[in-house]
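To keep things clear, I will list the structure first and then write my remarks on it.
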Amino acid sequence: MALPRSNYDPRRVCLNPFPEFTLGKHRRTLGVYLAGALFALANWTFMDAAILSAHAKAPYGAPPDEGPPVHVTFVDWVPGICSLLGYLVINLIDKDRIRGDEGFGDSRAVWRARLFLFIGFALMAGGLAGSVTVLVLKYILNGYPEQFTYYGYANVSQSVALMLSVIVLWLSQNTSSEYEYNLTL
Amino acid sequence: MAAGLRTVILLSFVLAVGFLLIILSCALWQNWLPLLVALTFVLAPLPNALFSHCGGDELSSGYEGSAPVDLGRFITAIFVVTGFSLPIVLAHSHVIDAKACAMSIAGGGLVYATILAYSAAFKQEESDYD
């Protein structure tokens, strides 16, 4: 009565919420490529806003000799820089230290790794919050036309895409251990 | 061998068409910024080629990827997305024409596809000898 248990065992329902076996062993490769693509896309979204602002004209109806009412300034760059720093910090951490069940070295290494991971995620979340702040305070509340509030939306989408990129990279690098998928930090 | 020769001739033809499209997209509008796309797509396979030798031997490389290989793939993806998004960004801010944007994207895609197909063809031929 050797039944192939793993195919229909009802306890297995919640074990693998991600469809990882459909992609097989190329999953890690695809994840890394996707993360790089998202990273570049995030930065190009913001660069698009910056370049657009550098070449912007006055909106319709305004007298053409006065320039556009708002430009991308250094304030807009700060959330992106925060997110990039957080990206670096998160990816410089050794993933095995976080799990901390192997007993490498001392136990304070796990604590420190978690602290740095927290700092990294706090930087990324701070970048996202800062981009939303810039969008609301600088663009929406001043009532600029839609041509100019695009700068703020580009900033927010840069932060969101950087976060997605970190998540994809983390998942694809963490799940390379074959059958055990513990995403609990 | 004849099939290999035909493949090489076809690929070189496609490469020439790709470069022709990129150079036309620059020359027709007297704006040589789209030439950066060609540079980007030529540089795109370089990180993979460099870092693939850091990945350990063939037995372990399929399963347990190493960090340098991942870094190479990450940089490659950044280059590819840069190559596609640079002309779009430039066309969005009216630095280059929209038609030049389309032409340079098509040309860059052809160049990169040529490089990919060429390396894939050579990899298959090498593995036949093993």
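Chain labels follow the order of the structure tokens: the first chain is A, the next B, and so on; residue numbering restarts at 1 in every chain, and ligands are counted from 1 in their shown order.
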task = Mind checking which residues fall within 12 Å of Ser131 in chain A, counting only C-alpha atoms, ignoring those fewer than 4 positions away in the same chain, and posting them as a ChimeraX atom specification?
result = /A:46,75-83,124-127,135-139,151-160
task = Could you please write out, as a PyMOL selection string, every residue of chain B that DSSP assigns to helix (DSSP H, G or I)?
result = chain B and resi 2-27+35-43+46-54+58-61+67-92+98-129
What are the closest atom pairs, with distances in Å to one decimal, for each residue of chain B lying within 8 Å of chain A, using only C-alpha atoms, rows by chain and rising residue number, as CSV?
```
residue,atom,partner,partner_atom,distance
B:Gly62,CA,A:Lys25,CA,7.4
B:Tyr63,CA,A:Lys25,CA,6.7
B:Glu64,CA,A:Ser176,CA,6.5
B:Gly65,CA,A:Arg28,CA,7.7
B:Asp70,CA,A:Val32,CA,6.4
B:Arg73,CA,A:Tyr33,CA,5.9
B:Phe74,CA,A:Gly36,CA,4.5
B:Ile75,CA,A:Gly36,CA,6.6
B:Thr76,CA,A:Gly36,CA,7.6
B:Ala77,CA,A:Gly36,CA,4.9
B:Ile78,CA,A:Ala40,CA,5.0
B:Phe79,CA,A:Ala40,CA,7.9
B:Val80,CA,A:Ala37,CA,7.7
B:Val81,CA,A:Ala37,CA,5.8
B:Thr82,CA,A:Ala40,CA,6.5
B:Ser85,CA,A:Trp44,CA,7.0
B:Leu86,CA,A:Trp44,CA,7.8
B:Val89,CA,A:Asp48,CA,5.3
B:Leu90,CA,A:Asp48,CA,7.9
B:His92,CA,A:Leu52,CA,7.2
B:Ser93,CA,A:Leu52,CA,4.8
B:His94,CA,A:His55,CA,8.0
```
The selected residues should be written to file as a JSON list (two decimals), in the first residue's frame (atoms: N, CA and C atoms).
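Listed below is the output, part_0.json:
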```
[["chain", "number", "residue", "atom", "x", "y", "z"],
["B", 62, "GLY", "N", 24.63, 24.17, -11.67],
["B", 62, "GLY", "CA", 23.24, 24.12, -12.07],
["B", 62, "GLY", "C", 22.30, 24.34, -10.90],
["B", 63, "TYR", "N", 22.73, 23.90, -9.74],
["B", 63, "TYR", "CA", 21.81, 23.92, -8.63],
["B", 63, "TYR", "C", 22.00, 25.12, -7.73],
["B", 64, "GLU", "N", 23.21, 25.29, -7.31],
["B", 64, "GLU", "CA", 23.48, 26.27, -6.27],
["B", 64, "GLU", "C", 24.22, 27.44, -6.92],
["B", 65, "GLY", "N", 23.47, 28.43, -7.35],
["B", 65, "GLY", "CA", 24.11, 29.55, -7.99],
["B", 65, "GLY", "C", 24.99, 30.30, -7.02],
["B", 70, "ASP", "N", 25.21, 35.57, -10.07],
["B", 70, "ASP", "CA", 23.99, 36.35, -9.90],
["B", 70, "ASP", "C", 24.23, 37.82, -10.19],
["B", 73, "ARG", "N", 24.28, 38.33, -13.89],
["B", 73, "ARG", "CA", 22.94, 38.32, -14.48],
["B", 73, "ARG", "C", 22.19, 39.60, -14.16],
["B", 74, "PHE", "N", 22.38, 40.06, -12.94],
["B", 74, "PHE", "CA", 21.72, 41.31, -12.53],
["B", 74, "PHE", "C", 22.17, 42.47, -13.41],
["B", 75, "ILE", "N", 23.49, 42.57, -13.64],
["B", 75, "ILE", "CA", 24.01, 43.67, -14.44],
["B", 75, "ILE", "C", 23.56, 43.52, -15.90],
["B", 76, "THR", "N", 23.50, 42.26, -16.37],
["B", 76, "THR", "CA", 23.02, 42.06, -17.73],
["B", 76, "THR", "C", 21.59, 42.54, -17.89],
["B", 77, "ALA", "N", 20.75, 42.19, -16.91],
["B", 77, "ALA", "CA", 19.35, 42.64, -17.00],
["B", 77, "ALA", "C", 19.27, 44.15, -16.96],
["B", 78, "ILE", "N", 20.13, 44.77, -16.15],
["B", 78, "ILE", "CA", 20.13, 46.24, -16.10],
["B", 78, "ILE", "C", 20.51, 46.81, -17.47],
["B", 79, "PHE", "N", 21.51, 46.22, -18.12],
["B", 79, "PHE", "CA", 21.93, 46.73, -19.43],
["B", 79, "PHE", "C", 20.83, 46.57, -20.46],
["B", 80, "VAL", "N", 20.16, 45.41, -20.44],
["B", 80, "VAL", "CA", 19.13, 45.18, -21.46],
["B", 80, "VAL", "C", 17.99, 46.17, -21.28],
["B", 81, "VAL", "N", 17.54, 46.33, -20.04],
["B", 81, "VAL", "CA", 16.43, 47.26, -19.81],
["B", 81, "VAL", "C", 16.87, 48.69, -20.12],
["B", 82, "THR", "N", 18.12, 49.01, -19.83],
["B", 82, "THR", "CA", 18.63, 50.34, -20.18],
["B", 82, "THR", "C", 18.59, 50.56, -21.68],
["B", 85, "SER", "N", 15.02, 51.21, -22.59],
["B", 85, "SER", "CA", 14.31, 52.36, -22.02],
["B", 85, "SER", "C", 14.99, 53.68, -22.35],
["B", 86, "LEU", "N", 16.27, 53.63, -22.71],
["B", 86, "LEU", "CA", 16.95, 54.90, -23.02],
["B", 86, "LEU", "C", 16.33, 55.63, -24.20],
["B", 89, "VAL", "N", 12.94, 57.06, -23.11],
["B", 89, "VAL", "CA", 13.07, 58.25, -22.27],
["B", 89, "VAL", "C", 13.46, 59.46, -23.10],
["B", 90, "LEU", "N", 14.40, 59.25, -24.01],
["B", 90, "LEU", "CA", 14.85, 60.37, -24.85],
["B", 90, "LEU", "C", 13.72, 60.86, -25.75],
["B", 92, "HIS", "N", 10.58, 60.60, -25.05],
["B", 92, "HIS", "CA", 9.54, 61.18, -24.20],
["B", 92, "HIS", "C", 9.82, 62.66, -23.96],
["B", 93, "SER", "N", 11.09, 63.00, -23.80],
["B", 93, "SER", "CA", 11.41, 64.41, -23.55],
["B", 93, "SER", "C", 11.77, 65.15, -24.83],
["B", 94, "HIS", "N", 11.41, 64.57, -25.98],
["B", 94, "HIS", "CA", 11.59, 65.19, -27.29],
["B", 94, "HIS", "C", 13.03, 65.53, -27.60]]
```
key: Pick from B:Ala16, B:Ala91, B:Leu46, B:Ala117 nearest to Gly72 in chain B, counting only C-alpha atoms   =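 Nearest candidate to Gly72 in chain B out of B:Ala16, B:Ala91, B:Leu46, B:Ala117: B:Leu46.
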query = Using only C-alpha atoms, which residues sit within 7 Å of Phe41 in chain B once same-chain residues fewer than 4 positions away are excluded, as a ChimeraX atom specification?
reply = /B:37,80,83,108,111-112
request  = Rounded to one decimal place, report the CA of Leu71 in chain B-CA of Ala161 in chain A distance in Å.
outcome  = 18.6 Å
Proximity to Leu84 in chain A - best of A:Ala109, A:Ile119, A:Leu141, A:Leu162, only C-alpha atoms =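 Looking only at the distances to Leu84 in chain A, the closest residue turns out to be A:Leu162.
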note = Taken to one decimal, the CA of Gly109 in chain B-CA of Asp97 in chain B distance is 18.3 Å
